[in-house]
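Undergrad: I am attaching a structure below and will ask some questions about it afterwards.
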Number of protein chains: 2
Amino acid sequence: MRTIEWQDGKVVTIDQTKLPRKTVFLEMENCNEIAEAIQTMKIRGAPLLGAAAAFALALAAYHSKAKAKKELIAELENAARTIRKTRQLAVLVVEEAKKIADEDAAANRLIGMHGSKLISDGDVILTHCNAGALATVEYGTALGVIRASFEQGKKIKVIATETRPKLQGARLTVYELQRDKIPVTLITDNMAGYVMYKRMVNKVVVGADRIVKDAVINKIGTYTLAVLARMHGIPFYVAAPKSTFDLAHSSAEITIEERKPEEITRIGREQIAPEKAKVFNPAFDMTPLKYVSAIICEDGILYKEDLAKFKANP
Amino acid sequence: MRTIEWQDGKVVTIDQTKLPRKTVFLEMENCNEIAEAIQTMKIRGAPLLGAAAAFALALAAYHSKAKAKKELIAELENAARTIRKTRQLAVLVVEEAKKIADEDAAANRLIGMHGSKLISDGDVILTHCNAGALATVEYGTALGVIRASFEQGKKIKVIATETRPKLQGARLTVYELQRDKIPVTLITDNMAGYVMYKRMVNKVVVGADRIVKDAVINKIGTYTLAVLARMHGIPFYVAAPKSTFDLAHSSAEITIEERKPEEITRIGREQIAPEKAKVFNPAFDMTPLKYVSAIICEDGILYKEDLAKFKANP
C-alpha cells in the first residue's frame, strides 16, 4: 500500500514510531485522530504531512452532516485550524498542501485547454455527476473542458444528469454552470437515452475516479451513459488528471464500494421507498475502455492505444 | 378524436346537446364538471357514461394532492359518490364501470399467463415504473407476468428501477412485490447498465402506455433500458393489453407530454436543484419496436411481424 491511503471513509497509514520493529496500521476516522498522529510523530515527513493534512480535511468533508454549504465550510475551517496547530512543521504542511492544490489547479487548466479542442461551436454536451470546480481545487476536469470551451467563445450548451442517489449533478453541476452563465438543462438519469434519441446531445464528457488498464471507474451511471453514447454514435470523453491513472491494475481487481440503502430510500426528510426495501447501491461502475472515445489528461488527448504507451513510459 | 378523451390532465368530450348543429368540445378538469355534464346530458349513452365515470375518478386521482393513501382513497370515494348521484342511469354507469374493470382484470390475468411462458426458474427480471396492480384494476401487466410466474412456483427475483422523477418503482412496485413476498431489489435508474454488465439481470419486462405501429410509448427511461438490454443481449418484453394498441399511428405523430420542472427539482419537501434550474421533463419516451423482443397481450405473445398481421386483422 501507499504510506497513506483512503479506505472507505477512513485514512490508513503506517505508524512510523513502530517501524522498523513492527508494521502497525493506524486507522483514522476524523481530523483529531490525524492531528494526534502528527503530534506524536506517527506520521512524519513534509510531503506525507501535506497529504495527511489534505486527508484530514477530506475526512471532515466526508463525514460531515452539514446541511448548508456555509456549515460545511465552517467545519472545514475548524478542521484546518486543528491541523495547523499540530506541529512547528505547520508551515511545511501548509506549503505542501498548497503545492498539491496548485498542481491540481494547473492540471485542470491543461485538461480544459486540451479537451476544448474536441468541442465545437454549437455542441450540446452531456455530463454526469460533478467533475467541476467543487470536486477539484478549481476549474474542474469534465467541467474544465466545458469552461475552457465556453471561455474561448464557443456557443455550447450542457445537459446535466441529476446523478442519483446523491444528486451531485442537480445540486452541484447545475449550480456551478449557472454561476458561470453556461447554459445548462437538468434531466433525470433515465432521460439520457431519450435526449440522445432526440439528437439533443452530440458529445458526452465525464470525469473519472480511477483509470485502470482496461476501464474507467467513475460515479455510478457512467457506464450506462457510455453504452448509450456508443449506440447513438456520440463521442464519449473522459477528462481526468494523471493522478487518477492506475495502469498497473485491471478492472477485475477492483471492488466497487457499496453504500448504505438509505441513500436511495430517503432523500433528505422524504422516505421514498418502503422502509424495509432491499437495495443495491454501488457508488461507482466500470466502463470498459472500448466505450471511451478518448481520455483527456494534462498531457493531452489520449486514445486507447496511447494508454498502453503511457503505461510503458509515463 | 374519440367521443371522450384524456388530454394532459383534462377530459375532453363533445357536448352532445349541441350536436348536430355545432361541434363544441367540453374540457372537464374535475369530477364535478363531469357530473354536471352528465346531469345536463352533454354526455349520454351507457357505454360513454361508464367511460366518463371512470374518467371522473381518474381526474380525481390525477389532480389529488393527497399525501397518504388513505386520503386518496377517501377522495376517490367522494368522487364516486358525486358521480353515482348524477342520474337515474346510475345503475347503468356502475354496470359499465364494472364491466371495464372486469375486462381489465381478465386481460391482465391472460397477459400474466401468456407472459409467464417467457420466464424461467432462476430468472432475475428488471422492471421499470409500476405496471402492477396499482396501475391497473388488479394483477398488473408487467407485474402480472411476474406474479403469474411466481404463482407457478418459479424461483424468480425482481430488480425495480426507482423511476425518476415520480418514483413509481420505489414507491409502488417495491411495495406491491414485497406485499406478495416476491423478492425485489431497488436500484436507481442509472444503475441499470451496471446490473446488466454484472449479469445480475437476464430479462426485462415493462408495461406500455400506448403501442403505435413502430414504437412503444411508455414511462420515461424505458428507451434507455431497451438500448441497454439490446447491448447486453437481454430479452426486452413489453406487457400491455390490446386497449393500448394504436396501430394506425406512428411515433412521428406522437407528441410527448412535458411536465413541470418541480417534479425534478423538488422531492416532497426537499429542494434538490437550484430554484431557477432549467429542466427537461418528458413524461414518456418512445422505444422503436426493433428493440422489443416481444409484446405480451391478452391474445398471446406477439413478435414484430405479428403486429403487422394484428393490425390487418385485430
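Labeling convention for the C-alpha cells: chains A, B, ... as they appear, residues from 1 per chain, ligands from 1 in order of appearance.
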Apply DSSP to the structure's backbone, then extract all residues of region 133-266 of chain A labelled helix (DSSP H, G or I) and return them as a PyMOL selection string.

TA: chain A and resi 142-151+168-179+189-197+222-231+242-244+251-253+262-265

Undergrad: Residues of chain A within 8 Å of chain B, using only C-alpha atoms, as a compact mmCIF listing (two decimals) with N, CA, C and O atoms, in the first residue's frame?

TA:
# COMPACT_ATOMS: atom_id res chain seq x y z
N THR A 163 -27.90 12.55 -11.37
CA THR A 163 -26.94 11.66 -10.72
C THR A 163 -27.43 11.17 -9.37
O THR A 163 -26.94 11.57 -8.31
N ARG A 164 -28.42 10.28 -9.45
CA ARG A 164 -28.86 9.60 -8.24
C ARG A 164 -27.79 8.62 -7.80
O ARG A 164 -27.03 8.15 -8.64
N PRO A 165 -27.66 8.28 -6.52
CA PRO A 165 -28.56 8.74 -5.46
C PRO A 165 -28.17 10.07 -4.82
O PRO A 165 -29.02 10.70 -4.20
N LEU A 167 -27.23 12.96 -6.12
CA LEU A 167 -27.71 14.16 -6.82
C LEU A 167 -26.66 15.25 -7.03
O LEU A 167 -26.97 16.44 -7.03
N ALA A 170 -27.56 17.54 -10.05
CA ALA A 170 -28.62 18.52 -9.76
C ALA A 170 -28.13 19.59 -8.80
O ALA A 170 -28.38 20.78 -8.99
N ARG A 171 -27.41 19.16 -7.76
CA ARG A 171 -27.05 20.10 -6.70
C ARG A 171 -25.83 20.94 -7.06
O ARG A 171 -25.80 22.14 -6.82
N VAL A 174 -25.29 21.93 -11.85
CA VAL A 174 -26.20 22.98 -12.30
C VAL A 174 -25.82 24.31 -11.63
O VAL A 174 -25.76 25.35 -12.29
N TYR A 175 -25.53 24.26 -10.34
CA TYR A 175 -25.13 25.45 -9.59
C TYR A 175 -23.88 26.10 -10.18
O TYR A 175 -23.83 27.30 -10.46
N VAL A 184 -27.35 25.48 -19.03
CA VAL A 184 -27.42 24.09 -18.56
C VAL A 184 -28.87 23.68 -18.35
O VAL A 184 -29.67 24.45 -17.83
N THR A 185 -29.17 22.46 -18.79
CA THR A 185 -30.50 21.88 -18.59
C THR A 185 -30.35 20.62 -17.77
O THR A 185 -29.50 19.78 -18.06
N LEU A 186 -31.19 20.50 -16.76
CA LEU A 186 -31.15 19.34 -15.86
C LEU A 186 -32.11 18.26 -16.34
O LEU A 186 -33.24 18.56 -16.72
N ILE A 187 -31.64 17.01 -16.32
CA ILE A 187 -32.54 15.87 -16.62
C ILE A 187 -32.35 14.80 -15.55
O ILE A 187 -31.34 14.80 -14.83
N THR A 188 -33.31 13.90 -15.44
CA THR A 188 -33.09 12.73 -14.58
C THR A 188 -32.22 11.74 -15.36
O THR A 188 -32.15 11.79 -16.59
N ASP A 189 -31.57 10.85 -14.62
CA ASP A 189 -30.63 9.93 -15.28
C ASP A 189 -31.30 9.10 -16.37
O ASP A 189 -30.69 8.84 -17.41
N ASN A 190 -32.55 8.70 -16.14
CA ASN A 190 -33.19 7.80 -17.11
C ASN A 190 -33.64 8.51 -18.39
O ASN A 190 -34.17 7.88 -19.29
N MET A 191 -33.45 9.83 -18.46
CA MET A 191 -33.77 10.56 -19.69
C MET A 191 -32.60 10.59 -20.68
O MET A 191 -32.75 11.05 -21.81
N ALA A 192 -31.43 10.12 -20.25
CA ALA A 192 -30.23 10.23 -21.08
C ALA A 192 -30.44 9.58 -22.45
O ALA A 192 -30.08 10.15 -23.49
N GLY A 193 -31.02 8.39 -22.44
CA GLY A 193 -31.25 7.69 -23.71
C GLY A 193 -32.15 8.50 -24.63
O GLY A 193 -31.84 8.68 -25.81
N TYR A 194 -33.21 9.03 -24.04
CA TYR A 194 -34.19 9.76 -24.85
C TYR A 194 -33.60 11.05 -25.43
O TYR A 194 -33.87 11.39 -26.58
N ILE A 220 -21.44 5.92 -10.35
CA ILE A 220 -22.48 5.02 -10.87
C ILE A 220 -23.33 5.77 -11.93
O ILE A 220 -23.69 6.92 -11.71
N GLY A 221 -23.58 5.11 -13.02
CA GLY A 221 -24.34 5.72 -14.11
C GLY A 221 -23.47 6.05 -15.30
O GLY A 221 -23.97 6.21 -16.41
N THR A 222 -22.16 6.12 -15.07
CA THR A 222 -21.25 6.46 -16.17
C THR A 222 -21.30 5.39 -17.26
O THR A 222 -21.37 5.69 -18.45
N TYR A 223 -21.29 4.12 -16.83
CA TYR A 223 -21.32 3.01 -17.79
C TYR A 223 -22.57 3.05 -18.66
O TYR A 223 -22.51 2.89 -19.89
N THR A 224 -23.72 3.29 -18.02
CA THR A 224 -24.98 3.40 -18.77
C THR A 224 -24.85 4.48 -19.86
O THR A 224 -25.25 4.26 -21.01
N VAL A 227 -22.59 3.31 -22.81
CA VAL A 227 -23.26 2.36 -23.70
C VAL A 227 -24.26 3.11 -24.59
O VAL A 227 -24.33 2.89 -25.81
N LEU A 228 -25.02 4.01 -23.99
CA LEU A 228 -25.99 4.79 -24.76
C LEU A 228 -25.28 5.64 -25.83
O LEU A 228 -25.74 5.72 -26.97
N MET A 231 -24.27 3.47 -28.75
CA MET A 231 -25.40 3.07 -29.58
C MET A 231 -25.91 4.22 -30.44
O MET A 231 -26.57 3.99 -31.45
N ILE A 264 -30.65 5.68 -1.07
CA ILE A 264 -31.65 5.51 -2.12
C ILE A 264 -33.07 5.63 -1.56
O ILE A 264 -33.93 6.24 -2.18
N THR A 265 -33.30 5.07 -0.39
CA THR A 265 -34.68 5.03 0.13
C THR A 265 -35.13 6.35 0.75
O THR A 265 -36.32 6.55 0.96
N ILE A 267 -34.61 10.77 0.65
CA ILE A 267 -33.97 11.98 0.13
C ILE A 267 -34.27 13.06 1.15
O ILE A 267 -35.40 13.49 1.29
N GLY A 268 -33.26 13.44 1.90
CA GLY A 268 -33.46 14.40 2.98
C GLY A 268 -34.50 13.90 3.95
O GLY A 268 -34.38 12.79 4.49
N ARG A 269 -35.56 14.65 4.13
CA ARG A 269 -36.60 14.27 5.08
C ARG A 269 -37.61 13.31 4.46
O ARG A 269 -38.51 12.84 5.15
N GLU A 270 -37.49 13.05 3.17
CA GLU A 270 -38.51 12.26 2.48
C GLU A 270 -38.15 10.79 2.38
O GLU A 270 -37.10 10.44 1.84
N ILE A 272 -38.76 7.63 0.38
CA ILE A 272 -39.34 7.46 -0.97
C ILE A 272 -39.52 5.99 -1.36
O ILE A 272 -39.93 5.70 -2.48
N ALA A 273 -39.20 5.08 -0.45
CA ALA A 273 -39.41 3.65 -0.73
C ALA A 273 -39.79 3.00 0.60
O ALA A 273 -39.52 3.56 1.66
N PRO A 274 -40.43 1.82 0.53
CA PRO A 274 -40.77 1.16 1.80
C PRO A 274 -39.53 1.01 2.69
O PRO A 274 -38.43 0.76 2.20
N ALA A 277 -37.16 -1.92 2.20
CA ALA A 277 -36.79 -2.23 0.82
C ALA A 277 -35.35 -2.73 0.76
O ALA A 277 -34.45 -2.15 1.37
N LYS A 278 -35.14 -3.81 0.03
CA LYS A 278 -33.78 -4.28 -0.23
C LYS A 278 -33.21 -3.42 -1.35
O LYS A 278 -33.90 -3.15 -2.35
N VAL A 279 -31.96 -3.01 -1.19
CA VAL A 279 -31.39 -2.04 -2.11
C VAL A 279 -30.01 -2.50 -2.58
O VAL A 279 -29.27 -3.12 -1.82
N PHE A 280 -29.69 -2.23 -3.82
CA PHE A 280 -28.30 -2.40 -4.32
C PHE A 280 -27.79 -1.00 -4.59
O PHE A 280 -28.42 -0.25 -5.33
N ASN A 281 -26.69 -0.63 -3.95
CA ASN A 281 -26.23 0.76 -4.06
C ASN A 281 -24.72 0.88 -4.28
O ASN A 281 -23.98 1.30 -3.39
N ASP A 285 -19.22 2.60 -11.08
CA ASP A 285 -19.26 1.49 -12.01
C ASP A 285 -18.01 1.52 -12.87
O ASP A 285 -17.15 2.40 -12.71
N MET A 286 -17.88 0.53 -13.75
CA MET A 286 -16.67 0.43 -14.58
C MET A 286 -17.09 0.51 -16.03
O MET A 286 -17.97 -0.22 -16.47

Undergrad: If we count only C-alpha atoms, what is near His114 (chain A) at a cut-off of 8 Å, once residues fewer than 4 positions away on the same chain are taken out, given as a ChimeraX atom specification?

TA: /A:110,118,145,296-298,300-301

Undergrad: Please produce a file of the residues just selected, as an mmCIF file, in the first residue's frame, where the atoms kept are all heavy atoms.

TA:
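That gives us result-v8.cif:
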data_model
loop_
_atom_site.group_PDB
_atom_site.id
_atom_site.type_symbol
_atom_site.label_atom_id
_atom_site.label_comp_id
_atom_site.auth_asym_id
_atom_site.auth_seq_id
_atom_site.Cartn_x
_atom_site.Cartn_y
_atom_site.Cartn_z
ATOM 1 N N LEU A 110 -4.885 22.631 -17.856
ATOM 2 C CA LEU A 110 -4.351 21.936 -19.033
ATOM 3 C C LEU A 110 -5.390 20.989 -19.629
ATOM 4 O O LEU A 110 -5.545 20.903 -20.855
ATOM 5 C CB LEU A 110 -3.079 21.164 -18.659
ATOM 6 C CG LEU A 110 -1.845 22.041 -18.431
ATOM 7 C CD1 LEU A 110 -0.729 21.225 -17.758
ATOM 8 C CD2 LEU A 110 -1.339 22.631 -19.757
ATOM 9 N N LEU A 118 -11.635 19.289 -28.629
ATOM 10 C CA LEU A 118 -12.636 18.293 -29.063
ATOM 11 C C LEU A 118 -14.044 18.883 -29.127
ATOM 12 O O LEU A 118 -14.985 18.213 -29.550
ATOM 13 C CB LEU A 118 -12.639 17.108 -28.088
ATOM 14 C CG LEU A 118 -11.333 16.322 -27.979
ATOM 15 C CD1 LEU A 118 -11.362 15.379 -26.781
ATOM 16 C CD2 LEU A 118 -11.084 15.526 -29.260
ATOM 17 N N VAL A 145 -13.193 21.231 -19.176
ATOM 18 C CA VAL A 145 -13.270 21.178 -20.647
ATOM 19 C C VAL A 145 -14.410 22.080 -21.126
ATOM 20 O O VAL A 145 -14.257 22.848 -22.099
ATOM 21 C CB VAL A 145 -13.491 19.717 -21.124
ATOM 22 C CG1 VAL A 145 -13.773 19.658 -22.617
ATOM 23 C CG2 VAL A 145 -12.280 18.858 -20.753
ATOM 24 N N ILE A 296 -8.892 12.682 -21.711
ATOM 25 C CA ILE A 296 -8.245 13.990 -21.735
ATOM 26 C C ILE A 296 -7.510 14.171 -20.409
ATOM 27 O O ILE A 296 -8.132 14.193 -19.345
ATOM 28 C CB ILE A 296 -9.297 15.111 -21.898
ATOM 29 C CG1 ILE A 296 -10.205 14.830 -23.111
ATOM 30 C CG2 ILE A 296 -8.613 16.470 -21.998
ATOM 31 C CD1 ILE A 296 -11.576 15.487 -23.027
ATOM 32 N N CYS A 297 -6.177 14.257 -20.457
ATOM 33 C CA CYS A 297 -5.414 14.498 -19.230
ATOM 34 C C CYS A 297 -4.537 15.730 -19.449
ATOM 35 O O CYS A 297 -4.594 16.378 -20.495
ATOM 36 C CB CYS A 297 -4.595 13.281 -18.819
ATOM 37 S SG CYS A 297 -3.163 12.985 -19.866
ATOM 38 N N GLU A 298 -3.732 16.096 -18.446
ATOM 39 C CA GLU A 298 -2.945 17.320 -18.557
ATOM 40 C C GLU A 298 -1.877 17.237 -19.651
ATOM 41 O O GLU A 298 -1.378 18.269 -20.110
ATOM 42 C CB GLU A 298 -2.331 17.721 -17.207
ATOM 43 C CG GLU A 298 -1.463 16.680 -16.535
ATOM 44 C CD GLU A 298 -2.252 15.748 -15.630
ATOM 45 O OE1 GLU A 298 -3.235 15.121 -16.116
ATOM 46 O OE2 GLU A 298 -1.882 15.622 -14.447
ATOM 47 N N GLY A 300 -2.480 15.901 -22.650
ATOM 48 C CA GLY A 300 -3.140 15.990 -23.962
ATOM 49 C C GLY A 300 -4.264 14.987 -24.079
ATOM 50 O O GLY A 300 -4.795 14.524 -23.070
ATOM 51 N N ILE A 301 -4.569 14.650 -25.329
ATOM 52 C CA ILE A 301 -5.686 13.729 -25.590
ATOM 53 C C ILE A 301 -5.126 12.349 -25.866
ATOM 54 O O ILE A 301 -4.329 12.160 -26.786
ATOM 55 C CB ILE A 301 -6.526 14.244 -26.778
ATOM 56 C CG1 ILE A 301 -7.134 15.610 -26.409
ATOM 57 C CG2 ILE A 301 -7.626 13.258 -27.143
ATOM 58 C CD1 ILE A 301 -7.608 16.412 -27.596
#

Undergrad: Could you name the residues that touch Lys203 (chain A) at 8 Å or less, counting only C-alpha atoms, but leaving out those on the same chain fewer than 2 positions away, as a PyMOL selection string?

TA: chain A and resi 123-126+201+205+234-237

Undergrad: Go ahead and write the selection's residues with N, CA, C and O atoms as an mmCIF file, in the first residue's frame.

TA:
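Saved result, out-v1.cif, follows:
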data_model
loop_
_atom_site.group_PDB
_atom_site.id
_atom_site.type_symbol
_atom_site.label_atom_id
_atom_site.label_comp_id
_atom_site.auth_asym_id
_atom_site.auth_seq_id
_atom_site.Cartn_x
_atom_site.Cartn_y
_atom_site.Cartn_z
ATOM 1 N N ASP A 123 -22.016 22.743 -29.951
ATOM 2 C CA ASP A 123 -22.128 21.436 -29.283
ATOM 3 C C ASP A 123 -23.072 21.496 -28.091
ATOM 4 O O ASP A 123 -23.131 22.492 -27.371
ATOM 5 N N VAL A 124 -23.782 20.396 -27.912
ATOM 6 C CA VAL A 124 -24.513 20.196 -26.654
ATOM 7 C C VAL A 124 -23.864 19.007 -25.958
ATOM 8 O O VAL A 124 -23.799 17.907 -26.504
ATOM 9 N N ILE A 125 -23.332 19.278 -24.775
ATOM 10 C CA ILE A 125 -22.501 18.306 -24.073
ATOM 11 C C ILE A 125 -23.252 17.761 -22.863
ATOM 12 O O ILE A 125 -23.722 18.524 -22.028
ATOM 13 N N LEU A 126 -23.361 16.443 -22.809
ATOM 14 C CA LEU A 126 -23.973 15.834 -21.632
ATOM 15 C C LEU A 126 -22.879 15.496 -20.633
ATOM 16 O O LEU A 126 -21.824 14.973 -20.997
ATOM 17 N N VAL A 201 -28.196 15.952 -27.935
ATOM 18 C CA VAL A 201 -26.854 15.895 -27.358
ATOM 19 C C VAL A 201 -25.915 15.385 -28.421
ATOM 20 O O VAL A 201 -26.275 14.469 -29.153
ATOM 21 N N VAL A 205 -19.056 14.241 -21.890
ATOM 22 C CA VAL A 205 -17.776 14.405 -21.186
ATOM 23 C C VAL A 205 -18.023 14.134 -19.702
ATOM 24 O O VAL A 205 -18.883 14.769 -19.085
ATOM 25 N N ILE A 234 -22.327 8.767 -30.494
ATOM 26 C CA ILE A 234 -21.933 10.027 -29.858
ATOM 27 C C ILE A 234 -20.587 9.829 -29.146
ATOM 28 O O ILE A 234 -20.429 8.871 -28.391
ATOM 29 N N PRO A 235 -19.591 10.706 -29.399
ATOM 30 C CA PRO A 235 -18.294 10.544 -28.721
ATOM 31 C C PRO A 235 -18.437 10.622 -27.197
ATOM 32 O O PRO A 235 -19.216 11.426 -26.682
ATOM 33 N N PHE A 236 -17.685 9.774 -26.523
ATOM 34 C CA PHE A 236 -17.736 9.697 -25.060
ATOM 35 C C PHE A 236 -16.325 9.961 -24.524
ATOM 36 O O PHE A 236 -15.434 9.141 -24.681
ATOM 37 N N TYR A 237 -16.127 11.133 -23.912
ATOM 38 C CA TYR A 237 -14.802 11.535 -23.445
ATOM 39 C C TYR A 237 -14.704 11.489 -21.923
ATOM 40 O O TYR A 237 -15.657 11.833 -21.221
#

Undergrad: Run DSSP on the backbone of this structure and report the residues of region 88-216 of chain A it assigns to strand (DSSP E), as an MDAnalysis selection string.

TA: chainID A and resid 124:127 157:161 184:187 203:206 210:212 215:216

Undergrad: To one decimal place, how far is CA of Gly112 (chain A) from CA of Val212 (chain A) in Å?

TA: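 Pair CA of Gly112 (chain A) / CA of Val212 (chain A) returns 21.8 Å.
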
Undergrad: In Å, with one decimal, what is the gap from CA of Glu151 (chain B) to CA of Val204 (chain B)?

TA: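 Separation between CA of Glu151 (chain B) and CA of Val204 (chain B): 18.8 Å.
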
Undergrad: Write out as JSON, numbers by chain which residues come within 9 Å of Arg109 (chain A) when counting only C-alpha atoms, dropping same-chain ones fewer than 6 positions away.

TA: {"A": [138, 139, 140, 141, 144, 145, 148, 298]}

Undergrad: Between CA of Ile182 (chain A) and CA of Lys69 (chain A), what is the distance in Å, rounded to a tenth?

TA: 21.8 Å

Undergrad: Please list as number ranges by chain every residue within 10 Å of Glu5 (chain A), counting only C-alpha atoms and excluding residues in the same chain fewer than 2 positions away.

TA: A: 1-3, 7-8, 10-14, 27, 51-52, 55
